[in-house]
$ cat run_0.cif   # mmCIF, C-alpha atoms
data_entry
#
loop_
_atom_site.label_atom_id
_atom_site.label_comp_id
_atom_site.auth_asym_id
_atom_site.auth_seq_id
_atom_site.Cartn_x
_atom_site.Cartn_y
_atom_site.Cartn_z
CA MET A 902 -26.35 -1.92 3.39
CA LEU A 903 -26.09 -1.54 -0.33
CA LEU A 904 -22.79 -2.48 -1.91
CA ARG A 905 -21.76 -2.15 -5.54
CA LEU A 906 -19.29 -4.54 -7.15
CA VAL A 907 -17.55 -3.35 -10.31
CA LEU A 908 -16.30 -6.46 -12.14
CA GLN A 909 -13.87 -5.99 -15.00
CA PRO A 910 -11.20 -8.48 -16.01
CA LEU A 911 -8.28 -6.76 -17.69
CA ASP A 912 -7.79 -9.33 -20.42
CA ARG A 913 -11.17 -10.75 -21.45
CA THR A 914 -14.89 -10.09 -21.44
CA LEU A 915 -16.87 -11.44 -18.52
CA THR A 916 -20.13 -13.25 -19.25
CA ASP A 917 -23.22 -12.44 -17.19
CA ARG A 918 -23.15 -15.97 -15.83
CA GLU A 919 -19.56 -15.56 -14.60
CA ALA A 920 -20.35 -12.14 -13.13
CA ASN A 921 -23.33 -13.61 -11.25
CA ALA A 922 -21.23 -16.47 -9.86
CA LEU A 923 -18.59 -14.01 -8.60
CA ARG A 924 -21.31 -11.80 -7.15
CA ASP A 925 -22.73 -14.79 -5.23
CA ARG A 926 -19.31 -15.71 -3.80
CA VAL A 927 -18.83 -12.19 -2.44
CA TYR A 928 -22.43 -12.09 -1.21
CA LEU A 929 -22.05 -15.35 0.73
CA ALA A 930 -18.80 -14.13 2.29
CA LEU A 931 -20.18 -10.79 3.46
CA HIS A 932 -23.90 -11.32 4.12
CA ARG A 933 -24.95 -12.09 7.72
CA GLY A 934 -28.72 -12.08 7.28
CA GLU A 935 -30.90 -15.17 7.46
CA VAL A 936 -32.53 -14.66 4.07
CA VAL A 937 -30.05 -15.44 1.31
CA GLU A 938 -30.59 -14.20 -2.22
CA LEU A 939 -28.42 -15.91 -4.83
CA ILE A 940 -28.69 -15.14 -8.53
CA ALA A 941 -26.28 -17.46 -10.38
CA GLY A 942 -28.64 -20.44 -10.29
CA MET B 264 -9.01 -8.09 18.61
CA LYS B 265 -6.30 -10.31 17.11
CA THR B 266 -7.02 -12.96 14.52
CA TYR B 267 -4.26 -14.90 12.82
CA LEU B 268 -3.70 -15.83 9.19
CA SER B 269 -4.30 -19.43 8.18
CA LEU B 270 -1.42 -21.36 6.62
CA SER B 271 -2.98 -21.06 3.16
CA GLN B 272 -3.48 -17.29 3.56
CA LEU B 273 0.14 -16.97 4.69
CA ASN B 274 1.39 -19.10 1.80
CA SER B 275 -0.52 -17.11 -0.79
CA ALA B 276 0.71 -13.81 0.72
CA LEU B 277 4.33 -14.99 0.64
CA SER B 278 4.12 -16.38 -2.89
CA LEU B 279 2.96 -13.08 -4.39
CA ARG B 280 5.56 -11.75 -6.81
CA ASP B 281 7.49 -8.72 -5.56
CA LEU B 282 7.62 -6.44 -8.61
CA SER B 283 10.44 -4.40 -7.08
CA ASP B 284 12.74 -7.45 -6.99
CA PRO B 285 14.75 -8.15 -10.20
CA GLY B 286 15.19 -11.72 -8.93
CA ALA B 287 11.61 -12.45 -10.02
CA GLY B 288 11.99 -10.88 -13.50
CA PRO B 289 12.24 -7.33 -14.82
CA HIS B 290 9.57 -4.68 -14.14
CA ALA B 291 9.36 -0.92 -14.63
CA MET B 292 9.05 -0.53 -10.86
CA GLN B 293 12.71 -1.60 -10.53
CA GLN B 294 13.83 1.10 -12.98
CA LEU B 295 11.88 3.75 -11.12
CA LEU B 296 13.41 2.66 -7.82
CA ALA B 297 16.91 2.58 -9.35
CA ASP B 298 16.40 6.15 -10.67
CA VAL B 299 15.46 7.35 -7.17
CA VAL B 300 18.42 5.61 -5.53
CA VAL B 301 20.93 6.95 -8.10
CA ALA B 302 19.51 10.48 -7.69
CA LEU B 303 20.06 10.35 -3.91
CA GLU B 304 23.54 8.81 -4.22
CA ARG B 305 24.49 11.70 -6.52
CA LEU B 306 22.84 14.34 -4.33
CA TRP B 307 24.85 13.31 -1.28
CA GLY B 308 27.86 11.55 -2.78
CA VAL B 309 27.21 8.48 -0.59
CA PRO B 310 27.01 4.78 -1.44
CA SER B 311 23.76 2.84 -1.12
CA ARG B 312 22.97 -0.61 0.11
CA THR B 313 19.74 -2.45 -0.79
CA HIS B 314 18.20 -4.87 1.71
CA ARG B 315 15.65 -7.36 0.37
CA LEU B 316 14.10 -8.76 3.49
CA ASN B 317 11.46 -11.40 4.04
CA PRO B 318 8.10 -9.74 4.85
CA LEU B 319 7.65 -11.87 7.98
CA VAL B 320 8.72 -9.62 10.85
CA ALA B 321 8.59 -9.36 14.61
CA THR B 322 5.48 -7.40 15.53
CA ALA B 323 7.70 -5.37 17.89
CA ASP B 324 9.89 -4.29 14.95
CA ASN B 325 6.86 -3.29 12.89
CA TYR B 326 5.30 -1.25 15.70
CA ASP B 327 6.84 -0.93 19.19
CA ARG B 328 10.42 -0.19 18.18
CA LEU B 329 9.20 2.44 15.72
CA GLY B 330 7.37 4.35 18.41
CA TYR B 331 3.82 3.04 17.93
CA SER B 332 1.87 2.84 21.17
CA PRO B 333 0.61 -0.57 22.34
CA ASP B 334 -3.01 0.50 21.72
CA ASP B 335 -2.50 2.10 18.30
CA VAL B 336 -5.52 1.31 16.12
CA THR B 337 -3.43 0.19 13.12
CA ARG B 338 -2.28 -2.84 15.16
CA ASP B 339 -5.79 -4.27 15.12
CA SER B 340 -6.34 -7.37 12.96
CA ARG B 341 -8.71 -5.23 10.92
CA TYR B 342 -5.69 -3.45 9.49
CA SER B 343 -2.69 -5.71 10.21
CA ARG B 344 -2.05 -9.29 9.14
CA HIS B 345 -0.85 -11.12 12.23
CA VAL B 346 0.65 -14.61 11.99
CA SER B 347 1.13 -15.22 15.72
CA PRO B 348 1.17 -13.05 18.87
CA THR B 349 4.72 -11.92 18.03
CA VAL B 350 5.02 -12.31 14.24
CA MET B 351 3.21 -10.51 11.41
CA LEU B 352 3.45 -9.70 7.71
CA ARG B 353 5.03 -6.24 7.73
CA SER B 354 2.55 -3.42 7.23
CA HIS B 355 5.34 -1.10 6.07
CA THR B 356 8.95 -1.55 4.96
CA SER B 357 10.09 0.51 7.97
CA ALA B 358 9.73 -2.78 9.88
CA GLY B 359 13.25 -3.60 8.63
CA ILE B 360 14.76 -0.49 10.22
CA PRO B 361 15.22 -1.59 13.87
CA ALA B 362 17.36 -4.60 12.87
CA LEU B 363 19.32 -2.42 10.43
CA LEU B 364 20.04 0.10 13.18
CA ASP B 365 21.05 -2.74 15.53
CA SER B 366 23.67 -3.80 12.98
CA LEU B 367 25.30 -0.34 13.03
CA ARG B 368 26.07 -0.41 16.76
CA GLY B 369 29.65 -1.48 16.08
CA GLU B 370 30.34 1.39 13.65
CA LEU B 371 32.65 3.67 15.58
CA GLY B 372 34.17 5.88 12.88
CA HIS B 373 32.70 8.16 10.25
CA TYR B 374 29.68 6.63 8.57
CA ASP B 375 27.38 7.94 5.84
CA GLU B 376 25.28 5.54 3.75
CA LEU B 377 21.90 5.31 2.07
CA HIS B 378 19.95 2.19 3.01
CA VAL B 379 17.24 1.02 0.63
CA LEU B 380 14.53 -1.36 1.87
CA PRO B 381 12.01 -2.18 -0.88
CA GLY B 382 9.31 -4.83 -1.01
CA LEU B 383 5.70 -5.86 -0.53
CA VAL B 384 3.75 -4.71 2.49
CA TYR B 385 0.52 -6.24 3.69
CA ARG B 386 -2.65 -4.36 4.56
CA ARG B 387 -6.33 -4.87 4.62
CA ASP B 388 -7.52 -2.33 2.16
CA ALA B 389 -10.44 -1.01 0.17
CA ILE B 390 -10.92 -2.23 -3.40
CA ASP B 391 -10.72 0.52 -5.96
CA ARG B 392 -8.49 1.34 -8.89
CA THR B 393 -5.63 2.64 -6.74
CA HIS B 394 -5.58 0.18 -3.82
CA VAL B 395 -4.54 -3.46 -3.44
CA GLY B 396 -4.10 -5.57 -0.32
CA ALA B 397 -0.35 -5.97 -0.86
CA PRO B 398 1.21 -2.80 -2.29
CA HIS B 399 4.94 -2.14 -2.76
CA GLN B 400 6.88 0.30 -0.65
CA VAL B 401 10.43 1.48 -0.22
CA ASP B 402 12.10 2.90 2.86
CA LEU B 403 15.08 5.14 2.07
CA TRP B 404 17.19 5.93 5.13
CA ARG B 405 20.39 7.97 5.00
CA LEU B 406 22.27 7.21 8.21
CA LYS B 407 25.22 9.27 9.26
CA ALA B 408 27.60 9.19 12.21
CA ARG B 409 29.63 12.23 13.23
CA GLY B 410 27.70 14.76 11.18
CA LEU B 411 24.43 16.65 11.27
CA LEU B 412 21.36 16.13 9.13
CA GLY B 413 18.52 18.62 9.40
CA PRO B 414 15.30 19.88 7.81
CA SER B 415 17.15 21.47 4.86
CA ASP B 416 18.69 18.08 4.01
CA LEU B 417 15.20 16.58 4.18
CA GLN B 418 13.91 19.30 1.86
CA ALA B 419 16.65 18.51 -0.68
CA MET B 420 15.85 14.80 -0.38
CA MET B 421 12.17 15.40 -1.16
CA ALA B 422 13.04 17.55 -4.19
CA ALA B 423 15.39 14.86 -5.51
CA VAL B 424 12.79 12.11 -5.07
CA VAL B 425 10.11 14.14 -6.89
CA GLU B 426 12.52 14.88 -9.75
CA ALA B 427 13.46 11.20 -10.05
CA VAL B 428 9.85 9.97 -10.03
CA LEU B 429 8.38 12.75 -12.19
CA PRO B 430 11.25 14.42 -14.10
CA ALA B 431 10.43 18.05 -14.85
CA ALA B 432 11.61 17.56 -18.46
CA GLU B 433 8.71 15.15 -19.06
CA ASN B 434 6.26 16.61 -16.53
CA PRO B 435 6.68 20.38 -16.76
CA ASP B 436 3.50 21.17 -14.82
CA VAL B 437 4.26 19.03 -11.75
CA GLN B 438 4.35 20.86 -8.44
CA TRP B 439 5.06 19.48 -4.99
CA ARG B 440 4.51 20.54 -1.41
CA SER B 441 5.16 19.12 2.04
CA THR B 442 2.93 19.44 5.07
CA PRO B 443 3.69 18.54 8.72
CA ALA B 444 2.99 14.90 9.60
CA LEU B 445 3.40 12.86 12.77
CA HIS B 446 5.19 9.49 12.83
CA GLY B 447 6.59 7.75 15.89
CA TYR B 448 9.89 7.09 14.13
CA THR B 449 10.61 10.61 12.85
CA ALA B 450 11.08 14.10 14.21
CA ALA B 451 9.97 17.06 12.08
CA GLY B 452 7.89 14.60 10.00
CA ARG B 453 6.51 15.71 6.64
CA GLN B 454 4.03 14.37 4.10
CA LEU B 455 5.13 14.91 0.51
CA ASP B 456 2.35 15.57 -2.03
CA VAL B 457 2.57 16.14 -5.77
CA LEU B 458 0.09 18.06 -7.93
CA VAL B 459 -0.39 16.01 -11.05
CA THR B 460 -2.57 16.04 -14.13
CA GLN B 461 -4.54 12.81 -14.34
CA PRO B 462 -5.04 11.10 -17.72
CA ASP B 463 -8.60 12.54 -17.78
CA GLY B 464 -7.25 16.09 -17.38
CA ARG B 465 -8.11 16.63 -13.69
CA ARG B 466 -5.46 18.35 -11.52
CA GLU B 467 -5.10 16.64 -8.16
CA TRP B 468 -2.80 16.65 -5.08
CA LEU B 469 -1.69 13.09 -4.30
CA GLU B 470 0.50 11.82 -1.50
CA LEU B 471 3.81 10.50 -2.80
CA ALA B 472 5.82 9.89 0.39
CA GLU B 473 6.16 10.36 4.14
CA CYS B 474 9.47 11.43 5.63
CA GLY B 475 11.30 13.01 8.52
CA LEU B 476 14.48 13.02 10.58
CA ALA B 477 15.23 9.70 12.29
CA ALA B 478 13.72 10.00 15.78
CA ALA B 479 16.14 9.91 18.72
CA PRO B 480 14.22 7.19 20.65
CA VAL B 481 14.37 4.87 17.61
CA LEU B 482 18.16 5.34 17.34
CA ARG B 483 18.60 4.96 21.10
CA CYS B 484 16.54 1.75 21.10
CA SER B 485 19.23 0.19 18.86
CA GLY B 486 22.06 1.45 21.02
CA LEU B 487 22.96 4.35 18.68
CA ASP B 488 23.71 7.62 20.48
CA PRO B 489 21.53 10.37 18.93
CA ARG B 490 24.30 12.89 19.72
CA ARG B 491 26.55 10.97 17.33
CA TRP B 492 24.05 9.53 14.85
CA ALA B 493 21.59 11.31 12.57
CA GLY B 494 19.26 10.05 9.88
CA LEU B 495 16.88 11.06 7.11
CA ALA B 496 13.96 8.68 6.61
CA LEU B 497 11.57 8.54 3.67
CA GLY B 498 8.92 5.96 2.83
CA MET B 499 7.23 5.89 -0.57
CA GLY B 500 4.52 3.77 -2.17
CA LEU B 501 6.04 2.34 -5.34
CA ASP B 502 2.77 1.36 -7.02
CA ARG B 503 1.44 4.91 -6.89
CA ALA B 504 4.81 6.38 -7.91
CA LEU B 505 4.91 4.12 -10.98
CA MET B 506 1.26 4.83 -11.84
CA LEU B 507 1.94 8.58 -11.70
CA ARG B 508 5.08 8.24 -13.80
CA LYS B 509 3.43 6.17 -16.53
CA GLY B 510 -0.08 7.67 -16.37
CA ILE B 511 -1.73 4.39 -15.29
CA THR B 512 -5.17 4.68 -13.72
CA ASP B 513 -5.82 1.06 -12.69
CA ILE B 514 -3.35 -0.50 -10.23
CA ARG B 515 -4.18 -4.00 -11.47
CA LEU B 516 -2.42 -3.23 -14.75
CA LEU B 517 0.95 -3.41 -12.96
CA ARG B 518 0.48 -7.17 -12.59
CA SER B 519 -1.45 -7.78 -15.82
CA GLY B 520 -0.69 -10.99 -17.70
CA GLN B 521 -1.95 -9.55 -21.00
CA PRO B 522 1.04 -9.40 -23.41
CA ASP B 523 0.23 -5.87 -24.73
CA VAL B 524 0.11 -4.54 -21.18
CA GLN B 525 2.97 -6.65 -19.84
CA ALA B 526 5.33 -5.37 -22.54
CA GLN B 527 4.60 -1.82 -21.40
CA MET B 528 5.47 -2.68 -17.80
CA LEU B 529 9.13 -3.16 -18.73
CA ASN B 530 9.92 0.54 -19.19
CA LEU B 531 9.02 3.99 -17.86
CA ALA B 532 7.44 5.28 -21.09
CA PRO B 533 3.90 6.69 -20.77
CA TYR B 534 1.25 3.99 -20.75
CA ARG B 535 -0.78 3.60 -23.96
CA PRO B 536 -4.23 2.28 -22.99
CA VAL B 537 -4.99 -1.18 -24.30
CA SER B 538 -8.70 -1.33 -25.14
CA ALA B 539 -10.45 -1.78 -21.83
CA MET B 540 -13.08 -4.48 -21.44
CA PRO B 541 -16.51 -3.18 -20.42
CA ASP B 542 -17.21 -3.42 -16.71
CA ILE B 543 -20.20 -5.20 -15.21
CA ARG B 544 -21.88 -3.88 -12.07
CA ARG B 545 -23.72 -5.90 -9.45
CA ASP B 546 -25.43 -4.24 -6.49
CA LEU B 547 -25.75 -6.34 -3.33
CA SER B 548 -28.18 -5.79 -0.49
CA LEU B 549 -26.44 -7.13 2.62
CA VAL B 550 -27.19 -7.56 6.30
CA LEU B 551 -24.17 -7.07 8.55
CA ASP B 552 -23.69 -7.70 12.25
CA SER B 553 -22.98 -4.10 13.13
CA GLY B 554 -22.46 -0.67 11.65
CA ASP B 555 -18.72 -1.03 12.30
CA ASP B 556 -18.58 -3.80 9.70
CA ALA B 557 -19.75 -1.43 6.95
CA ASP B 558 -16.13 -0.47 6.40
CA VAL B 559 -14.75 -0.49 2.86
CA GLU B 560 -11.35 -1.78 4.00
CA LEU B 561 -12.85 -4.64 5.97
CA LEU B 562 -15.39 -5.53 3.26
CA GLY B 563 -12.72 -5.22 0.57
CA ASP B 564 -10.43 -7.61 2.41
CA SER B 565 -13.23 -10.16 2.96
CA ALA B 566 -14.27 -9.96 -0.71
CA ARG B 567 -10.66 -10.46 -1.84
CA THR B 568 -10.28 -13.47 0.43
CA ALA B 569 -13.55 -15.00 -0.80
CA LEU B 570 -12.55 -14.65 -4.46
CA GLY B 571 -8.99 -15.94 -4.00
CA ALA B 572 -7.28 -16.19 -7.38
CA ASP B 573 -10.26 -14.46 -9.07
CA ALA B 574 -9.93 -11.35 -6.87
CA ASP B 575 -8.25 -9.35 -9.62
CA VAL B 576 -11.54 -9.34 -11.57
CA LEU B 577 -12.95 -7.00 -8.92
CA ALA B 578 -12.10 -3.48 -10.06
CA ALA B 579 -13.96 -1.72 -7.26
CA LEU B 580 -16.21 -2.28 -4.29
CA GLU B 581 -18.29 0.75 -3.32
CA VAL B 582 -20.60 1.27 -0.37
CA LEU B 583 -23.73 2.91 -1.82
CA ALA B 584 -25.85 3.17 1.34
CA VAL B 585 -25.84 2.07 4.97
CA THR B 586 -29.12 1.87 6.85
CA THR B 587 -29.29 0.91 10.52
CA THR B 588 -32.05 -1.40 11.75
CA PRO B 589 -34.18 1.22 13.53
CA GLU B 590 -34.45 3.23 10.30
CA LEU B 591 -35.85 0.29 8.34
CA PRO B 592 -39.51 -0.44 7.78
CA PRO B 593 -40.54 -3.58 9.75
CA ALA B 594 -41.16 -5.53 6.57
CA ALA B 595 -37.63 -5.06 5.19
CA SER B 596 -36.67 -8.38 3.71
CA GLY B 597 -33.60 -10.19 5.04
CA CYS B 598 -33.58 -8.04 8.14
CA VAL B 599 -32.66 -9.70 11.42
CA PRO B 600 -33.86 -8.23 14.74
CA GLY B 601 -31.02 -7.16 16.98
CA ARG B 602 -28.62 -6.47 14.15
CA SER B 603 -27.84 -2.84 13.77
CA THR B 604 -26.91 -2.60 10.11
CA CYS B 605 -29.26 -3.84 7.53
CA CYS B 606 -30.10 -4.04 3.87
#

$ encode --input "run_0.cif" --output "C-alpha cells"
Amino acid sequence: MLLRLVLQPLDRTLTDREANALRDRVYLALHRGEVVELIAG
Amino acid sequence: MKTYLSLSQLNSALSLRDLSDPGAGPHAMQQLLADVVVALERLWGVPSRTHRLNPLVATADNYDRLGYSPDDVTRDSRYSRHVSPTVMLRSHTSAGIPALLDSLRGELGHYDELHVLPGLVYRRDAIDRTHVGAPHQVDLWRLKARGLLGPSDLQAMMAAVVEAVLPAAENPDVQWRSTPALHGYTAAGRQLDVLVTQPDGRREWLELAECGLAAAPVLRCSGLDPRRWAGLALGMGLDRALMLRKGITDIRLLRSGQPDVQAQMLNLAPYRPVSAMPDIRRDLSLVLDSGDDADVELLGDSARTALGADADVLAALEVLAVTTTPELPPAASGCVPGRSTCC
C-alpha cells in the first residue's frame, strides 16, 4: 500500500534529515515486508 | 482480539494533560465548557455538579452497563485501549454514568440536577488535522426524579448548547439540525450537527454532539425506577467545539507550546493564524499482513506509538493506494507471497 506522511511541526522548521529519520521510524513500525527500504542513512 | 497496554503506554496516557481541568492550568476549553454549563443551569434553573474522574474505568461501565452488546465491534482492541480483561481507559466520558446513577439510589425525594463529566477519552484514531488519539469529551446529564423529561426538553437542550458554543451574535450564519441516532444508553437518540463556515470559506455540516433521553434499562441497572426517574443525556467533543468556536483548523494547536499560539488558547477570541511552517511529505510503500490492516485508524495509532513524544510532528497520515497481492506484477519489489496487501 502507498501511505503519505505529512510532517509539520507547529513551532519550527523540519530539516530533510529529521523528516527522513521520522519517516524511517514510521516505516519500520508499519512495514511487514522482507525488503526494507530506509532513507535516513 | 484483546491486547493490553504496556505499563509505559498506560503511564504516558495517564500523564497527558487534561485541557478541560483547571487544576492543570487555564485553557480556553474550560471557558467554553463553563459557558455551556451556565447556559443549561439558566435554561432549567437547576444546580450543576462537575465530576472529574480518573480515566481508568471498569470495562463493564464503559460498555455493558451502557447497553453495548458483548460483541460490539468498538470493544475490539483495534478501537479500545484495554488495560486488563476488566479495566480499560474510557473510550467516552459516559463511562462515568453507571457509578453516578448508582449513587442516586438513595435519593427518595424530589431531585433535579445537571451532572457534568468532562475529561480525556482514549481511542485509536486516524491522524489528520481534526483527530487525535486522546480527545476531550463532556457528558452532560440532567437527572430528575418525580418529573417528566421528553423530546421537547432535549430539543431545548440542543439549542442551548449550540448557542453557548457558537453564539449567534458572533456567528450569525450558524444553523443546526438533529437527525435520529441509535445509542444503547438513550431512547429517542439524536445526533446534533452544525452548519459552519470554515476559515477557508467552505460551508460544512459537522457533528457537534450526540444526545437522547436516558434509557430505561440504564436507569434500572442502577436500581433507579424509570417510572420515577428521567434523564437527558448529551455527549460532546470539546476539541471540535473549541476549534469551531475559535476557527482553528489544526487540532494540534490546542496543545501547542509556542508562546504566540499558547497565549491565544487562554480565551475564546477567534484564532489569528501564527505563520505556519511548511509541511514536508514522505510517501511510503509498505507491505502489510492483510487488507484489514490498511486501516487509517490502526495505522495512525501504530505510527503515533512508534513516534512517541515526536508524534505531534505528524500532521496527517493518508492512505494513497491499496493493492492486494494478486493484482501486483510478479516482480513487485518487497512483495511477500501469501500476504494479501502489498506495496

$ interface_residues --input "run_0.cif" --of "chain B" --to "chain A" --cutoff "6 Å" --atoms "all atoms listed in the file" --output "number ranges by chain"
B: 521, 540, 542-551, 566, 576-586, 597, 605-606

$ atom_distance --input "run_0.cif" --atom1 "CA of Ala450 in chain B" --atom2 "CA of Glu426 in chain B"
24.0 Å

$ resolve_selection --input "run_0.cif" --expression "the PyMOL selection byres ((chain A and resi 941) around 8)" --output "ChimeraX atom specification"
/A:918,921-922,925,939-940,942

$ write_last_selection --input "run_0.cif" --atoms "C-alpha atoms" --output "PDB file, keeping the file's coordinate frame"
ATOM      1  CA  ARG A 918     -23.150 -15.970 -15.830  1.00  0.00           C
ATOM      2  CA  ASN A 921     -23.330 -13.610 -11.250  1.00  0.00           C
ATOM      3  CA  ALA A 922     -21.230 -16.470  -9.860  1.00  0.00           C
ATOM      4  CA  ASP A 925     -22.730 -14.790  -5.230  1.00  0.00           C
ATOM      5  CA  LEU A 939     -28.420 -15.910  -4.830  1.00  0.00           C
ATOM      6  CA  ILE A 940     -28.690 -15.140  -8.530  1.00  0.00           C
ATOM      7  CA  GLY A 942     -28.640 -20.440 -10.290  1.00  0.00           C
TER       8      GLY A 942
END

$ resolve_selection --input "run_0.cif" --expression "the PyMOL selection byres ((chain B and resi 353-367) around 6)" --output "list in words"
Pro318, Val320, Asp324, Asn325, Met351, Leu352, Arg368, Gly369, Glu370, Val384, Tyr385, Arg386, Asp402 and Ser485 of chain B

$ resolve_selection --input "run_0.cif" --expression "the PyMOL selection byres ((chain B and resi 290) around 9)" --output "ChimeraX atom specification"
/B:282-285,288-289,291-294,517,525,528-530

$ atom_distance --input "run_0.cif" --atom1 "CA of Thr266 in chain B" --atom2 "CA of Asp391 in chain B"
24.8 Å

$ atom_distance --input "run_0.cif" --atom1 "CA of Glu433 in chain B" --atom2 "CA of Ile514 in chain B"
21.6 Å

$ closest_residue --input "run_0.cif" --among "B:Leu469, B:Leu429, B:Thr349, B:Ala302" --to "Asp327 in chain B" --atoms "all atoms listed in the file"
B:Thr349

$ closest_residue --input "run_0.cif" --among "B:Pro333, B:Leu458, B:Val299, B:Trp307" --to "Pro435 in chain B" --atoms "all atoms listed in the file"
B:Leu458

$ axis_aligned_box --input "run_0.cif" --around "range 902-916 of chain A" --padding-each-side "3 Å" --output "lines of an AutoDock Vina configuration file"
center_x = -17.1
center_y = -7.4
center_z = -9.0
size_x = 24.6
size_y = 17.7
size_z = 30.8

$ residues_around --input "run_0.cif" --residues "Tyr342 in chain B" --least-positions-apart "2" --cutoff "10 Å" --atoms "all atoms listed in the file" --output "VMD selection string"
chain B and resid 336 to 340 344 to 345 354 385 to 388 560 to 561 564
